[in-house]
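**Student:** Sharing model.tsv, TSV, C-alpha atoms:
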```
chain	number	residue	atom	x	y	z
B	1	MET	CA	338.85	55.07	-18.79
B	2	PRO	CA	335.11	55.16	-19.49
B	3	ILE	CA	332.90	53.73	-16.75
B	4	LEU	CA	329.45	52.36	-17.54
B	5	VAL	CA	327.02	52.11	-14.61
B	6	ARG	CA	323.90	50.03	-15.19
B	7	ALA	CA	321.34	47.92	-13.36
B	8	ALA	CA	322.63	44.48	-12.42
B	9	GLU	CA	321.21	41.54	-14.34
B	10	ARG	CA	321.06	37.80	-13.62
B	11	GLU	CA	324.10	37.29	-15.84
B	12	ASP	CA	326.06	39.48	-13.40
B	13	VAL	CA	325.64	37.07	-10.46
B	14	PRO	CA	329.15	35.54	-10.79
B	15	ALA	CA	330.69	39.04	-10.83
B	16	LEU	CA	328.54	40.13	-7.86
B	17	VAL	CA	329.67	37.06	-5.91
B	18	ARG	CA	333.30	37.85	-6.75
B	19	LEU	CA	332.84	41.45	-5.59
B	20	ARG	CA	331.15	40.42	-2.32
B	21	LEU	CA	333.87	37.89	-1.49
B	22	ALA	CA	336.72	40.28	-2.38
B	23	ASN	CA	335.07	42.91	-0.19
B	24	ALA	CA	334.70	40.41	2.66
B	25	GLU	CA	338.36	39.39	2.45
B	26	ARG	CA	339.41	43.04	2.54
B	27	HIS	CA	337.21	43.69	5.59
B	28	VAL	CA	338.45	40.59	7.44
B	29	GLN	CA	341.94	42.11	7.16
B	30	LEU	CA	340.59	45.25	8.86
B	31	ASP	CA	339.08	43.39	11.81
B	32	PRO	CA	338.38	39.64	11.88
B	33	ALA	CA	336.37	40.05	15.09
B	34	ILE	CA	333.76	42.08	13.18
B	35	TYR	CA	333.90	40.72	9.62
B	36	ARG	CA	333.82	37.29	7.99
B	37	VAL	CA	333.92	35.76	4.53
B	38	PRO	CA	330.43	34.39	3.87
B	39	ASP	CA	329.67	31.06	2.22
B	40	VAL	CA	329.95	31.33	-1.59
B	41	GLU	CA	326.66	29.52	-2.22
B	42	ALA	CA	324.80	31.74	0.27
B	43	VAL	CA	326.12	34.83	-1.54
B	44	ARG	CA	325.12	33.41	-4.94
B	45	ARG	CA	321.61	32.57	-3.70
B	46	HIS	CA	321.25	36.05	-2.19
B	47	PHE	CA	322.04	37.82	-5.44
B	48	GLU	CA	319.87	35.48	-7.51
B	49	GLU	CA	316.93	36.09	-5.13
B	50	VAL	CA	317.45	39.86	-5.04
B	51	LEU	CA	317.62	40.14	-8.82
B	52	ALA	CA	314.49	37.99	-9.24
B	53	ALA	CA	312.34	39.73	-6.61
B	54	GLU	CA	310.33	42.93	-6.35
B	55	PRO	CA	313.16	45.35	-5.68
B	56	LYS	CA	313.65	46.28	-2.04
B	57	VAL	CA	317.33	46.17	-2.94
B	58	LEU	CA	318.58	47.97	-6.01
B	59	ILE	CA	321.91	46.74	-7.36
B	60	LEU	CA	323.92	48.69	-9.89
B	61	VAL	CA	327.21	47.55	-11.41
B	62	ALA	CA	330.12	49.48	-12.89
B	63	GLU	CA	331.86	48.19	-15.99
B	64	ALA	CA	335.30	49.29	-17.12
B	65	VAL	CA	336.80	47.84	-20.29
B	66	GLY	CA	333.90	45.36	-20.48
B	67	GLU	CA	334.48	43.93	-16.98
B	68	VAL	CA	332.31	44.40	-13.89
B	69	VAL	CA	334.67	46.11	-11.43
B	70	GLY	CA	332.26	47.51	-8.84
B	71	MET	CA	328.75	47.44	-7.48
B	72	VAL	CA	326.50	49.41	-5.23
B	73	GLU	CA	323.52	48.09	-3.29
B	74	VAL	CA	320.74	50.45	-2.25
B	75	VAL	CA	318.63	48.76	0.41
B	76	LEU	CA	315.26	50.47	0.82
B	77	LEU	CA	314.22	50.76	4.47
B	78	ALA	CA	310.70	50.65	5.86
B	79	ASP	CA	309.23	53.91	7.13
B	80	PRO	CA	309.08	54.23	10.91
B	81	PRO	CA	305.78	52.83	12.23
B	82	ASP	CA	303.06	55.26	13.33
B	83	HIS	CA	303.81	54.70	17.02
B	84	GLN	CA	307.43	55.89	16.77
B	85	ILE	CA	308.58	59.49	17.15
B	86	LEU	CA	310.67	59.76	13.97
B	87	VAL	CA	309.20	61.78	11.12
B	88	PRO	CA	308.54	59.31	8.30
B	89	ARG	CA	311.07	59.83	5.51
B	90	ARG	CA	311.89	57.32	2.81
B	91	ALA	CA	315.40	56.05	3.59
B	92	ALA	CA	317.90	53.55	2.27
B	93	GLU	CA	321.22	52.02	3.25
B	94	ILE	CA	324.02	52.02	0.71
B	95	HIS	CA	326.92	49.59	0.26
B	96	THR	CA	329.59	50.29	-2.36
B	97	VAL	CA	332.29	47.85	-3.51
B	98	VAL	CA	335.11	48.46	-5.99
B	99	LEU	CA	337.77	45.87	-6.81
B	100	ASP	CA	341.19	46.80	-5.45
B	101	GLY	CA	342.79	47.22	-8.88
B	102	HIS	CA	340.19	49.84	-9.81
B	103	ARG	CA	340.10	52.02	-6.71
B	104	GLY	CA	340.99	55.65	-7.29
B	105	GLU	CA	339.74	55.56	-10.91
B	106	GLY	CA	336.32	57.16	-10.28
B	107	VAL	CA	334.41	53.87	-10.20
B	108	GLY	CA	333.08	54.38	-6.66
B	109	ALA	CA	332.11	57.97	-7.38
B	110	ALA	CA	330.25	56.92	-10.55
B	111	LEU	CA	328.43	54.16	-8.65
B	112	LEU	CA	327.51	56.50	-5.80
B	113	MET	CA	326.20	59.19	-8.17
B	114	ALA	CA	324.05	56.66	-10.04
B	115	ALA	CA	322.81	55.14	-6.76
B	116	GLU	CA	321.80	58.54	-5.37
B	117	LYS	CA	319.88	59.30	-8.57
B	118	ALA	CA	318.13	55.90	-8.56
B	119	ALA	CA	317.27	56.29	-4.87
B	120	ALA	CA	315.85	59.79	-5.43
B	121	GLU	CA	313.69	58.42	-8.26
B	122	ARG	CA	312.22	56.01	-5.69
B	123	GLY	CA	311.45	58.82	-3.25
B	124	VAL	CA	314.43	58.21	-0.94
B	125	LEU	CA	315.27	61.34	1.07
B	126	ILE	CA	318.02	59.96	3.35
B	127	ILE	CA	320.82	57.54	2.50
B	128	TYR	CA	322.76	55.87	5.29
B	129	ALA	CA	326.24	54.42	4.94
B	130	GLY	CA	326.83	52.30	8.03
B	131	ILE	CA	330.58	51.98	8.49
B	132	PHE	CA	332.44	50.36	11.36
B	133	ALA	CA	335.27	52.45	12.82
B	134	PRO	CA	338.17	50.31	11.48
B	135	ASN	CA	337.13	51.06	7.87
B	136	LYS	CA	338.77	54.47	7.57
B	137	GLY	CA	338.90	54.25	3.76
B	138	ALA	CA	335.11	53.94	3.55
B	139	VAL	CA	334.69	56.85	5.97
B	140	ARG	CA	336.93	59.00	3.71
B	141	PHE	CA	335.10	57.88	0.56
B	142	TYR	CA	331.59	58.62	1.82
B	143	SER	CA	332.67	61.83	3.61
B	144	SER	CA	334.19	63.14	0.37
B	145	ALA	CA	330.80	62.50	-1.29
B	146	GLY	CA	328.96	64.68	1.24
B	147	PHE	CA	327.93	62.06	3.81
B	148	GLY	CA	328.22	63.16	7.42
B	149	PRO	CA	327.34	62.04	10.91
B	150	ARG	CA	323.66	61.60	11.72
B	151	GLY	CA	323.45	60.56	15.32
B	152	THR	CA	325.62	58.00	17.02
B	153	LEU	CA	325.21	54.26	16.94
B	154	LEU	CA	326.33	52.76	20.23
B	155	SER	CA	326.70	49.03	20.80
B	156	LYS	CA	327.46	46.68	23.61
B	157	GLU	CA	328.51	43.10	23.08
B	158	GLN	CA	326.66	40.65	25.23
B	159	GLY	CA	328.14	37.42	26.45
B	160	ALA	CA	326.74	34.19	25.04
B	161	PRO	CA	323.47	33.16	26.68
B	162	SER	CA	324.03	30.64	29.43
B	163	ALA	CA	322.49	27.22	29.08
B	164	GLY	CA	319.88	27.04	31.68
```
What is this file in structure tokens?
**Tutor:**
Amino acid sequence: MPILVRAAEREDVPALVRLRLANAERHVQLDPAIYRVPDVEAVRRHFEEVLAAEPKVLILVAEAVGEVVGMVEVVLLADPPDHQILVPRRAAEIHTVVLDGHRGEGVGAALLMAAEKAAAERGVLIIYAGIFAPNKGAVRFYSSAGFGPRGTLLSKEQGAPSAG
């Protein structure tokens, strides 16, 4: 099945919303303490704003048989400020979504390849895929594409602030 990857357009907003909500529902099944299904209107507004703005977020979509079946977001990150110790390197976060009925067909790989190319054209040297531990499928997907550990992100949940 041929897969067309292209830049998202305003007309793709309904498909992008569908992808985001399907992805959220899938993640809630993994761990409802971490993930949620966002408000439909908030998702729609987000994509409309992103597609209308100066791109700090690049969105590509994958079409198969004339239907949008996947997307990838490349979120450009700011360079570390001069006072920090990290060597400044252009970096981005990446988020890939493929509808369940199209997983395993090369859609994610095509999106990832196009996203890496588009990021490189913008001077991005490092791409991060932040994945929570319960999402083993995403870890396998990105690992198979050459992503590997780069440090360790530790977290600690704080209790709710007390009213004082």
**Student:** Might you pull out every residue within 8 Å of Ile126 (chain B), with only C-alpha atoms counted and same-chain residues fewer than 2 positions away left off, and present them as JSON, numbers by chain?
**Tutor:** {"B": [89, 90, 91, 92, 124, 128]}
**Student:** Interatomic distance between CA of Leu19 (chain B) and CA of Glu67 (chain B)?
**Tutor:**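 That distance, rounded to one decimal, is 11.8 Å.
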**Student:** To one decimal place in Å, what is the distance between CA of Glu93 (chain B) and CA of Glu73 (chain B)?
**Tutor:** 8.0 Å
**Student:** With a distance cut-off of 10 Å and all atoms listed in the file, select the neighbouring residues of Ile127 (chain B), excluding the residue or stretch itself and same-chain residues fewer than 2 positions from it, and output the selection as a VMD selection string.
**Tutor:** chain B and resid 74 to 77 90 to 94 115 to 116 119 to 120 124 to 125 129 to 130 147
**Student:** Create the file for the chosen residues now, containing C-alpha atoms and written as a PDB file, in the frame of the given file.
**Tutor:**
```
ATOM      1  CA  VAL B  74     320.740  50.450  -2.250  1.00  0.00           C
ATOM      2  CA  VAL B  75     318.630  48.760   0.410  1.00  0.00           C
ATOM      3  CA  LEU B  76     315.260  50.470   0.820  1.00  0.00           C
ATOM      4  CA  LEU B  77     314.220  50.760   4.470  1.00  0.00           C
ATOM      5  CA  ARG B  90     311.890  57.320   2.810  1.00  0.00           C
ATOM      6  CA  ALA B  91     315.400  56.050   3.590  1.00  0.00           C
ATOM      7  CA  ALA B  92     317.900  53.550   2.270  1.00  0.00           C
ATOM      8  CA  GLU B  93     321.220  52.020   3.250  1.00  0.00           C
ATOM      9  CA  ILE B  94     324.020  52.020   0.710  1.00  0.00           C
ATOM     10  CA  ALA B 115     322.810  55.140  -6.760  1.00  0.00           C
ATOM     11  CA  GLU B 116     321.800  58.540  -5.370  1.00  0.00           C
ATOM     12  CA  ALA B 119     317.270  56.290  -4.870  1.00  0.00           C
ATOM     13  CA  ALA B 120     315.850  59.790  -5.430  1.00  0.00           C
ATOM     14  CA  VAL B 124     314.430  58.210  -0.940  1.00  0.00           C
ATOM     15  CA  LEU B 125     315.270  61.340   1.070  1.00  0.00           C
ATOM     16  CA  ALA B 129     326.240  54.420   4.940  1.00  0.00           C
ATOM     17  CA  GLY B 130     326.830  52.300   8.030  1.00  0.00           C
ATOM     18  CA  PHE B 147     327.930  62.060   3.810  1.00  0.00           C
TER      19      PHE B 147
END
```
**Student:** Would you kindly return, as a ChimeraX atom specification, each protein, DNA or RNA residue with an atom no farther than 12 Å from any atom of region 14-17 of chain B, considering all atoms listed in the file and excluding same-chain residues fewer than 3 positions away?
**Tutor:** /B:7-11,20-24,37-48,50-51,59-63,66-73,96-99
**Student:** Any idea what the distance is between CA of Ala109 (chain B) and CA of Phe141 (chain B)?
**Tutor:**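 Result for CA of Ala109 (chain B) versus CA of Phe141 (chain B): 8.5 Å, one decimal.
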